[in-house]
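So this block is work.cif, mmCIF, C-alpha atoms:
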```
data_protein
#
loop_
_atom_site.label_atom_id
_atom_site.label_comp_id
_atom_site.auth_asym_id
_atom_site.auth_seq_id
_atom_site.Cartn_x
_atom_site.Cartn_y
_atom_site.Cartn_z
CA MET A 1 0.00 0.00 0.00
CA SER A 2 1.43 3.41 -0.96
CA ASN A 3 1.99 6.00 1.76
CA ALA A 4 -0.61 8.21 0.06
CA ARG A 5 -3.25 5.61 1.00
CA LYS A 6 -2.07 5.21 4.59
CA VAL A 7 -3.57 7.02 7.56
CA ALA A 8 -1.87 8.57 10.56
CA VAL A 9 -1.09 6.48 13.63
CA PRO A 10 -4.18 6.80 15.85
CA ARG A 11 -4.11 8.59 19.18
CA PRO A 12 -3.87 6.41 22.30
CA VAL A 13 -6.85 6.07 24.61
CA GLY A 14 -5.06 4.64 27.64
CA ALA A 15 -1.82 3.38 29.11
CA VAL A 16 -1.45 0.21 27.02
CA SER A 17 -2.27 1.76 23.65
CA ALA A 18 0.09 4.64 24.53
CA VAL A 19 2.99 2.20 24.96
CA VAL A 20 2.23 0.36 21.71
CA LEU A 21 1.62 3.49 19.63
CA GLU A 22 4.72 5.22 20.95
CA ALA A 23 6.81 2.22 19.90
CA ILE A 24 5.16 2.15 16.48
CA GLY A 25 5.67 5.87 15.92
CA THR A 26 9.23 6.16 17.21
CA GLY A 27 10.71 2.76 16.47
CA ARG A 28 11.88 2.48 20.09
CA SER A 29 11.28 -0.68 22.11
CA PRO A 30 8.97 -0.42 25.13
CA GLY A 31 11.17 -0.07 28.22
CA ALA A 32 11.02 -2.15 31.38
CA GLU A 33 9.01 0.48 33.25
CA GLN A 34 6.49 0.69 30.40
CA ARG A 35 6.11 -3.09 30.36
CA ARG A 36 5.51 -3.14 34.11
CA GLY A 37 2.84 -0.48 33.64
CA VAL A 38 1.15 -2.64 31.00
CA ALA A 39 1.19 -5.64 33.34
CA LYS A 40 -0.40 -3.59 36.13
CA ARG A 41 -3.06 -2.23 33.78
CA LEU A 42 -3.90 -5.75 32.56
CA ASP A 43 -4.46 -6.87 36.14
CA ASP A 44 -7.12 -4.17 36.50
CA VAL A 45 -9.05 -4.87 33.29
CA ALA A 46 -12.61 -6.01 33.92
CA ASP A 47 -13.59 -6.98 30.36
CA PRO A 48 -10.96 -7.01 27.59
CA VAL A 49 -13.59 -7.20 24.81
CA THR A 50 -15.05 -3.82 25.74
CA ASP A 51 -11.79 -2.22 26.89
CA HIS A 52 -10.98 0.38 24.25
CA ASP A 53 -7.38 0.76 25.41
CA LEU A 54 -6.58 -2.94 25.07
CA GLN A 55 -8.39 -3.41 21.78
CA LEU A 56 -6.73 -0.37 20.19
CA ALA A 57 -3.34 -1.56 21.44
CA LEU A 58 -3.87 -4.97 19.84
CA PHE A 59 -5.15 -3.53 16.59
CA ALA A 60 -2.20 -1.17 16.36
CA ALA A 61 0.29 -3.95 17.09
CA TYR A 62 -1.27 -6.17 14.42
CA SER A 63 -1.30 -3.27 11.97
CA LEU A 64 2.47 -3.63 11.66
CA HIS A 65 1.87 -6.90 9.80
CA TYR A 66 -0.66 -5.28 7.45
CA GLY A 67 0.90 -1.84 6.89
CA HIS A 68 -1.97 0.52 7.75
CA PHE A 69 -0.20 3.52 9.22
CA ALA A 70 1.99 6.01 7.40
CA GLU A 71 4.34 6.86 10.29
CA ALA A 72 4.88 3.30 11.47
CA ASP A 73 8.54 2.30 11.70
CA ALA A 74 8.81 -1.04 9.88
CA ARG A 75 11.59 -2.16 12.23
CA THR A 76 9.06 -2.49 15.04
CA GLU A 77 7.16 -5.33 13.35
CA TRP A 78 9.20 -7.98 15.14
CA ASP A 79 10.57 -5.92 18.01
CA PRO A 80 10.81 -8.49 20.85
CA GLN A 81 9.70 -6.09 23.59
CA LEU A 82 6.70 -4.89 21.60
CA ILE A 83 5.81 -8.50 20.81
CA ALA A 84 6.02 -9.22 24.55
CA VAL A 85 3.53 -6.43 25.26
CA ARG A 86 1.23 -7.69 22.51
CA SER A 87 1.46 -11.25 23.83
CA ALA A 88 0.48 -10.14 27.33
CA VAL A 89 -2.62 -8.39 25.95
CA GLU A 90 -3.48 -11.42 23.81
CA GLU A 91 -3.29 -13.76 26.78
CA ARG A 92 -5.54 -11.47 28.82
CA LEU A 93 -8.11 -11.46 26.00
CA LEU A 94 -7.94 -15.23 25.58
CA ALA A 95 -8.31 -15.73 29.34
CA SER A 96 -11.53 -13.69 29.27
CA LEU A 97 -12.93 -16.04 26.60
CA ASP A 98 -11.78 -19.23 28.28
CA GLY A 99 -15.06 -19.71 30.11
CA LEU A 100 -17.22 -19.77 26.99
CA ALA A 101 -19.43 -22.83 26.65
CA VAL A 102 -17.85 -24.88 23.87
CA PRO A 103 -19.37 -28.21 22.73
CA GLU A 104 -17.15 -31.29 23.06
CA PRO A 105 -18.08 -33.49 20.07
CA THR A 106 -16.00 -35.95 18.12
CA ALA A 107 -14.39 -34.78 14.90
CA GLU A 108 -17.24 -36.34 12.90
CA ASP A 109 -19.74 -34.08 14.66
CA VAL A 110 -18.03 -30.78 13.82
CA PRO A 111 -20.09 -29.81 10.74
CA SER A 112 -23.40 -30.46 12.53
CA ARG A 113 -22.19 -28.62 15.64
CA LEU A 114 -21.19 -25.62 13.55
CA ARG A 115 -24.61 -25.58 11.92
CA GLU A 116 -26.26 -25.73 15.33
CA LEU A 117 -24.09 -22.95 16.75
CA THR A 118 -24.73 -20.62 13.82
CA SER A 119 -28.47 -21.22 14.02
CA ARG A 120 -28.56 -19.63 17.49
CA THR A 121 -29.21 -15.96 18.24
CA TRP A 122 -26.02 -14.34 19.54
CA GLY A 123 -27.18 -10.74 19.68
CA PRO A 124 -29.64 -8.28 18.19
CA SER A 125 -30.13 -8.46 14.43
CA ILE A 126 -28.56 -5.24 13.23
CA SER A 127 -29.10 -6.36 9.62
CA SER A 128 -32.89 -6.52 10.24
CA TYR A 129 -32.81 -2.95 11.51
CA LEU A 130 -30.71 -1.87 8.52
CA LEU A 131 -33.23 -3.55 6.21
CA ARG A 132 -36.35 -1.94 7.69
CA ARG A 133 -35.57 1.23 9.59
CA ALA A 134 -32.00 2.54 9.41
CA SER A 135 -31.28 6.00 8.08
CA VAL A 136 -28.49 6.79 5.63
CA GLU A 137 -26.45 8.17 8.53
CA GLU A 138 -26.87 4.94 10.49
CA PHE A 139 -25.83 2.94 7.42
CA ARG A 140 -22.78 5.18 7.08
CA ASP A 141 -21.94 4.60 10.74
CA TYR A 142 -22.28 0.83 10.35
CA VAL A 143 -20.22 0.67 7.16
CA ALA A 144 -17.50 2.86 8.70
CA GLN A 145 -17.36 0.62 11.78
CA ARG A 146 -17.06 -2.59 9.77
CA SER A 147 -14.45 -1.06 7.47
CA VAL A 148 -11.88 -1.76 10.20
CA TYR A 149 -11.98 -5.37 8.98
CA GLN A 150 -13.67 -5.30 5.57
CA LEU A 151 -10.99 -3.15 3.92
CA MET A 152 -8.52 -5.94 4.56
CA GLU A 153 -11.09 -8.69 4.06
CA ALA A 154 -9.54 -12.16 3.79
CA ASP A 155 -6.03 -11.04 4.78
CA PRO A 156 -6.09 -12.44 8.36
CA HIS A 157 -7.24 -15.80 7.02
CA THR A 158 -4.45 -15.99 4.46
CA TRP A 159 -2.01 -16.61 7.33
CA ALA A 160 -3.64 -20.04 7.57
CA VAL A 161 -2.74 -21.25 4.08
CA PRO A 162 0.77 -22.59 4.89
CA ARG A 163 -0.53 -24.09 8.14
CA LEU A 164 -3.11 -26.38 6.55
CA VAL A 165 -2.80 -29.50 4.41
CA GLY A 166 -4.98 -31.54 2.09
CA ARG A 167 -8.73 -30.88 1.92
CA ALA A 168 -8.60 -28.01 4.39
CA LYS A 169 -5.86 -26.16 2.52
CA ALA A 170 -7.57 -26.65 -0.85
CA ALA A 171 -10.88 -25.37 0.56
CA LEU A 172 -9.29 -22.27 2.08
CA VAL A 173 -7.44 -21.45 -1.13
CA GLU A 174 -10.70 -21.75 -3.07
CA ILE A 175 -12.45 -19.39 -0.64
CA GLN A 176 -9.54 -16.93 -0.71
CA ALA A 177 -9.41 -17.00 -4.51
CA ASP A 178 -12.99 -15.72 -4.53
CA GLU A 179 -12.23 -13.08 -1.89
CA TYR A 180 -9.33 -11.82 -3.98
CA ALA A 181 -11.39 -12.12 -7.19
CA ALA A 182 -9.13 -14.62 -8.99
CA GLY A 183 -6.82 -11.97 -10.40
CA ARG A 184 -9.39 -9.22 -11.10
CA PRO A 185 -8.35 -6.40 -8.75
CA GLU A 186 -11.52 -4.37 -9.24
CA ARG A 187 -13.62 -7.34 -8.01
CA MET A 188 -11.65 -7.98 -4.84
CA HIS A 189 -14.12 -7.88 -1.98
CA SER A 190 -12.07 -5.31 -0.10
CA ARG A 191 -12.17 -3.01 -3.15
CA MET A 192 -15.90 -3.54 -3.56
CA TYR A 193 -16.32 -2.52 0.06
CA ALA A 194 -14.21 0.58 -0.62
CA ALA A 195 -16.47 1.42 -3.57
CA MET A 196 -19.50 1.17 -1.29
CA MET A 197 -17.80 3.51 1.17
CA ARG A 198 -17.18 6.08 -1.56
CA ALA A 199 -20.84 5.82 -2.60
CA LEU A 200 -21.73 6.67 0.99
CA ASP A 201 -19.24 9.59 1.09
CA LEU A 202 -16.91 7.80 3.49
CA ASP A 203 -13.11 7.72 3.61
CA ASP A 204 -12.11 4.41 2.01
CA ARG A 205 -8.52 4.29 3.27
CA PRO A 206 -7.78 1.22 5.42
CA GLY A 207 -7.65 2.27 9.06
CA ALA A 208 -9.39 5.61 8.47
CA TYR A 209 -12.05 4.86 11.11
CA VAL A 210 -9.92 3.06 13.69
CA GLU A 211 -10.14 5.96 16.14
CA ALA A 212 -13.94 5.96 15.82
CA ALA A 213 -14.30 2.17 16.02
CA LEU A 214 -16.10 0.64 18.98
CA PRO A 215 -13.88 -1.65 21.06
CA GLU A 216 -16.20 -4.55 20.20
CA MET A 217 -15.54 -3.99 16.49
CA LEU A 218 -11.82 -3.86 17.10
CA ALA A 219 -12.20 -7.10 19.07
CA VAL A 220 -13.97 -8.80 16.14
CA THR A 221 -11.03 -7.93 13.90
CA ASN A 222 -8.35 -8.60 16.50
CA LEU A 223 -9.57 -12.15 17.10
CA MET A 224 -8.99 -12.96 13.44
CA SER A 225 -5.45 -11.58 13.55
CA LEU A 226 -4.68 -13.31 16.84
CA PHE A 227 -5.86 -16.69 15.55
CA GLY A 228 -4.19 -16.15 12.17
CA LEU A 229 -0.76 -15.13 13.45
CA HIS A 230 -0.41 -18.01 15.92
CA ARG A 231 0.03 -21.47 14.48
CA ARG A 232 -1.31 -23.01 17.69
CA TRP A 233 -4.68 -21.31 17.00
CA ILE A 234 -5.13 -22.55 13.43
CA GLY A 235 -8.19 -24.55 14.50
CA ALA A 236 -9.79 -21.47 16.07
CA LEU A 237 -9.18 -19.46 12.89
CA VAL A 238 -10.87 -22.17 10.83
CA GLY A 239 -13.83 -22.18 13.22
CA GLN A 240 -14.05 -18.40 13.11
CA LEU A 241 -14.03 -18.34 9.31
CA ALA A 242 -16.61 -21.13 9.09
CA ALA A 243 -18.94 -19.25 11.45
CA TYR A 244 -18.40 -16.03 9.53
CA GLU A 245 -19.22 -17.58 6.16
CA MET A 246 -22.23 -19.47 7.56
CA THR A 247 -23.82 -16.30 8.97
CA SER A 248 -23.14 -13.88 6.12
CA THR A 249 -25.67 -14.57 3.37
CA THR A 250 -28.90 -13.42 5.04
CA PRO A 251 -27.43 -10.27 6.63
CA SER A 252 -25.84 -9.34 3.30
CA ARG A 253 -29.20 -9.64 1.53
CA ARG A 254 -30.84 -7.49 4.19
CA CYS A 255 -28.14 -4.83 3.97
CA ALA A 256 -28.36 -4.67 0.16
CA ASN A 257 -32.14 -4.33 0.30
CA GLY A 258 -31.88 -1.75 3.06
CA LEU A 259 -29.64 0.38 0.88
CA ARG A 260 -32.10 0.01 -2.00
CA ARG A 261 -34.91 1.07 0.35
CA LEU A 262 -32.98 4.32 0.83
CA GLY A 263 -32.74 4.85 -2.92
CA LEU A 264 -29.15 3.68 -3.33
CA GLY A 265 -28.06 1.28 -6.05
CA ALA A 266 -24.78 -0.06 -7.35
CA PRO A 267 -21.99 0.49 -6.33
CA ALA A 268 -23.52 1.02 -2.87
CA THR A 269 -25.24 -2.38 -2.96
CA GLU A 270 -22.78 -4.36 -5.06
CA TYR A 271 -20.61 -5.53 -2.18
CA TYR A 272 -23.56 -7.02 -0.31
CA ASP A 273 -25.16 -8.44 -3.45
CA GLU A 274 -21.89 -10.22 -4.24
CA HIS A 275 -21.82 -11.77 -0.77
CA VAL A 276 -25.33 -13.15 -1.03
CA GLU A 277 -24.11 -15.39 -3.83
CA ALA A 278 -20.48 -15.95 -2.85
CA ASP A 279 -21.04 -16.82 0.79
CA ALA A 280 -23.79 -19.30 -0.06
CA VAL A 281 -21.02 -21.30 -1.75
CA HIS A 282 -18.34 -20.46 0.81
CA LYS A 283 -20.32 -21.70 3.79
CA GLN A 284 -20.48 -25.21 2.35
CA LEU A 285 -16.76 -25.19 1.62
CA ALA A 286 -15.97 -23.76 5.06
CA VAL A 287 -18.06 -26.28 6.99
CA VAL A 288 -17.51 -29.52 5.12
CA GLU A 289 -14.11 -29.17 3.48
CA LEU A 290 -12.26 -26.57 5.57
CA ALA A 291 -13.44 -27.35 9.11
CA GLY A 292 -14.34 -30.96 8.34
CA GLY A 293 -11.08 -31.51 6.49
CA LEU A 294 -8.98 -30.05 9.31
CA VAL A 295 -10.50 -32.14 12.10
CA ALA A 296 -10.43 -35.28 9.94
CA ALA A 297 -6.67 -34.81 9.52
CA GLU A 298 -6.07 -33.51 13.04
CA PRO A 299 -8.80 -34.61 15.48
CA ALA A 300 -6.98 -32.86 18.33
CA ARG A 301 -8.01 -29.54 16.75
CA THR A 302 -11.73 -30.27 17.19
CA ARG A 303 -12.29 -28.21 20.32
CA ASP A 304 -10.24 -25.31 18.93
CA VAL A 305 -12.44 -25.18 15.82
CA LEU A 306 -15.56 -24.92 17.95
CA PHE A 307 -13.91 -22.46 20.34
CA GLY A 308 -13.06 -20.19 17.40
CA ALA A 309 -16.66 -20.31 16.21
CA VAL A 310 -18.13 -19.63 19.66
CA ALA A 311 -15.63 -16.85 20.42
CA SER A 312 -16.28 -15.06 17.15
CA LEU A 313 -20.06 -15.41 17.37
CA THR A 314 -19.94 -14.12 20.95
CA VAL A 315 -17.88 -11.06 20.08
CA GLU A 316 -19.94 -10.35 16.95
CA GLY A 317 -23.04 -10.50 19.15
CA ARG A 318 -21.52 -8.02 21.54
CA PHE A 319 -20.69 -5.67 18.67
CA ALA A 320 -24.31 -5.91 17.49
CA ALA A 321 -25.53 -5.13 21.01
CA ALA A 322 -23.20 -2.12 21.21
CA MET A 323 -24.50 -0.79 17.88
CA ALA A 324 -28.11 -1.31 18.95
CA GLN A 325 -27.43 0.62 22.15
CA ARG A 326 -25.60 3.35 20.21
CA TRP A 327 -28.65 3.85 17.95
CA GLY A 328 -31.29 3.30 20.61
CA VAL A 329 -32.69 0.31 18.75
CA GLY A 330 -35.35 -1.70 20.58
CA ALA A 331 -35.77 -5.45 20.58
CA ASP A 332 -38.61 -5.37 18.04
CA ASP A 333 -36.57 -3.39 15.52
CA ALA A 334 -33.58 -5.74 15.91
CA ALA A 335 -35.50 -9.01 15.68
CA ALA A 336 -34.47 -11.32 12.85
#
```
Serialized structure, structure tokens:
Amino acid sequence: MSNARKVAVPRPVGAVSAVVLEAIGTGRSPGAEQRRGVAKRLDDVADPVTDHDLQLALFAAYSLHYGHFAEADARTEWDPQLIAVRSAVEERLLASLDGLAVPEPTAEDVPSRLRELTSRTWGPSISSYLLRRASVEEFRDYVAQRSVYQLMEADPHTWAVPRLVGRAKAALVEIQADEYAAGRPERMHSRMYAAMMRALDLDDRPGAYVEAALPEMLAVTNLMSLFGLHRRWIGALVGQLAAYEMTSTTPSRRCANGLRRLGLGAPATEYYDEHVEADAVHKQLAVVELAGGLVAAEPARTRDVLFGAVASLTVEGRFAAAMAQRWGVGADDAAA
């Protein structure tokens, strides 16, 4: 990405993000006193998912692998002290998710368990509200929030390609080929999302809305990067992607029709229209070949796959609840 398309390093919102962002901006390793301050702050965190400071710190640390920020010193990408700070935040986030209720099936049960999990209600249906009631400004708010991930759509999952074999690897490559439009840059899903943002008069530069992003939205994105960057969490990344693909088609249809209700057509609706069709195919690949293929080859990954699905569905549900509260949306308006 050229520097002209990069945004400024965001401003910190607390002690942990201040340490990470200072290191990113200056290229200097976090000192011992700063690391002790991070450890103390982590001890005091009540809920990492909703803690803006922790989520911004993680997002900023991961951004070094994606190249979002113009002033970032590339030497910090693998700075051992910054990685140590990031690891401490990651472990605190994972510890907060450790108590989630995760099914314990055999490997053969994984596809059916994923279907059961994704059939549940995990939070208010923001897509139903967008379909029926949302204003243009609320759509703009939603699209800006989700841009934190969608403008790099598929990238966190690409980390998994060299970590898979056989059926699972082939299935992921097929899904990713669609996400990246099989060599047609203008049809890449991230570029289609950017086109929708321009149609809504939004800044389409990756990272442009990081400062405005809710911590729950940062958490949705950070989970993908965490699972993708750690080989030990390959099962969780597969479960996250399977859950994502399985729950995308209906919300995408609602969002496209909601935009049409407001008098907007292509390119505002094209991204969502594309996902109605693409994700109907992807969900079968993700469940049967990707998740099913992984646990068939490595049964020990079974619980991780389901943990990844439950964790991502939980955090997505919390993002939906935060958006509903932000807009004052009642239960009837957010019913599926």
Take the PyMOL selection byres ((chain A and resi 95-101) around 9), run it mentally on this structure, and tell me the resulting residues as an NGL selection string. :A and (47-49 or 90-94 or 102-103 or 307 or 310-311 or 314)
Those same residues - C-alpha atoms - I'd like them written as a PDB file, in the frame of the given file.
```pdb
ATOM      1  CA  ASP A  47     -13.590  -6.980  30.360  1.00  0.00           C
ATOM      2  CA  PRO A  48     -10.960  -7.010  27.590  1.00  0.00           C
ATOM      3  CA  VAL A  49     -13.590  -7.200  24.810  1.00  0.00           C
ATOM      4  CA  GLU A  90      -3.480 -11.420  23.810  1.00  0.00           C
ATOM      5  CA  GLU A  91      -3.290 -13.760  26.780  1.00  0.00           C
ATOM      6  CA  ARG A  92      -5.540 -11.470  28.820  1.00  0.00           C
ATOM      7  CA  LEU A  93      -8.110 -11.460  26.000  1.00  0.00           C
ATOM      8  CA  LEU A  94      -7.940 -15.230  25.580  1.00  0.00           C
ATOM      9  CA  VAL A 102     -17.850 -24.880  23.870  1.00  0.00           C
ATOM     10  CA  PRO A 103     -19.370 -28.210  22.730  1.00  0.00           C
ATOM     11  CA  PHE A 307     -13.910 -22.460  20.340  1.00  0.00           C
ATOM     12  CA  VAL A 310     -18.130 -19.630  19.660  1.00  0.00           C
ATOM     13  CA  ALA A 311     -15.630 -16.850  20.420  1.00  0.00           C
ATOM     14  CA  THR A 314     -19.940 -14.120  20.950  1.00  0.00           C
TER      15      THR A 314
END
```
Answer key for the PyMOL selection byres ((chain A and resi 320-330) around 10), residues as a PyMOL selection string: chain A and resi 50+122-127+129+133-134+138+141-142+145+214-217+314-319+331-335
Applying the PyMOL selection byres ((chain A and resi 221) around 12) to the file I just gave you, which residues come out? Please list them as a PyMOL selection string. chain A and resi 49+55-56+58-60+62-63+145-157+207+210+213-220+222-228+237+240-241+244+311-312+315-316+319
Shell of 12 Å around A:Val173, all atoms listed in the file, local chain residues under 6 positions omitted, as a ChimeraX atom specification: /A:154,157-167,179-182,282,285-286,289-290
Could those residues be written to a file, using C-alpha atoms, as an mmCIF file, in the coordinates of the input?
```cif
data_model
loop_
_atom_site.group_PDB
_atom_site.id
_atom_site.type_symbol
_atom_site.label_atom_id
_atom_site.label_comp_id
_atom_site.auth_asym_id
_atom_site.auth_seq_id
_atom_site.Cartn_x
_atom_site.Cartn_y
_atom_site.Cartn_z
ATOM 1 C CA ALA A 154 -9.540 -12.160 3.790
ATOM 2 C CA HIS A 157 -7.240 -15.800 7.020
ATOM 3 C CA THR A 158 -4.450 -15.990 4.460
ATOM 4 C CA TRP A 159 -2.010 -16.610 7.330
ATOM 5 C CA ALA A 160 -3.640 -20.040 7.570
ATOM 6 C CA VAL A 161 -2.740 -21.250 4.080
ATOM 7 C CA PRO A 162 0.770 -22.590 4.890
ATOM 8 C CA ARG A 163 -0.530 -24.090 8.140
ATOM 9 C CA LEU A 164 -3.110 -26.380 6.550
ATOM 10 C CA VAL A 165 -2.800 -29.500 4.410
ATOM 11 C CA GLY A 166 -4.980 -31.540 2.090
ATOM 12 C CA ARG A 167 -8.730 -30.880 1.920
ATOM 13 C CA GLU A 179 -12.230 -13.080 -1.890
ATOM 14 C CA TYR A 180 -9.330 -11.820 -3.980
ATOM 15 C CA ALA A 181 -11.390 -12.120 -7.190
ATOM 16 C CA ALA A 182 -9.130 -14.620 -8.990
ATOM 17 C CA HIS A 282 -18.340 -20.460 0.810
ATOM 18 C CA LEU A 285 -16.760 -25.190 1.620
ATOM 19 C CA ALA A 286 -15.970 -23.760 5.060
ATOM 20 C CA GLU A 289 -14.110 -29.170 3.480
ATOM 21 C CA LEU A 290 -12.260 -26.570 5.570
#
```
Which residue, A:Leu117, A:Leu82, A:Ala242, A:Cys255, has the smallest gap to A:Val288 when you use only C-alpha atoms? A:Ala242
Selection near A:Leu262, 10 Å with only C-alpha atoms, sequence-local residues under 6 positions removed, as a PyMOL selection string: chain A and resi 131-136+139
Neighbour list for A:Ile83 as a PyMOL selection string, cut-off 10 Å, only C-alpha atoms, skip fewer than 3 positions in-chain: chain A and resi 20+29-30+61-62+76-80+86-89
From the list A:Ala72, A:Ala309, A:Ala15, A:Ala32, the nearest residue to A:Val45 using all atoms listed in the file is A:Ala15
If you count all atoms listed in the file, which residues fall within 12 Å of A:Arg36, apart from same-chain ones fewer than 6 positions away, as a list in words? Ala15, Val16, Val19, Pro30, Leu42, Asp43, Gln81, Ala84, Val85 and Ala88 of chain A
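What separates atom CA of A:Gly265 from atom CA of A:Gln176 is a distance of 26.5 Å.
Each of A:Glu137, A:Asp109, A:Glu270, A:Glu33 was compared to A:Arg303 using only C-alpha atoms, and A:Asp109 turns out to be the nearest.
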One decimal, in Å: what's the spacing between atom CA of A:His65 and atom CA of A:Leu229? 9.4 Å
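The nearest approach to A:Gly258 among the residues A:Lys6, A:Arg75, A:Ala194, A:Ser128, with only C-alpha atoms taken into account, belongs to A:Ser128.
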Spatial neighbours of A:Thr302, max dist 7 Å, all atoms listed in the file, sep filter under 4 positions, as a VMD selection string: chain A and resid 107 295 306
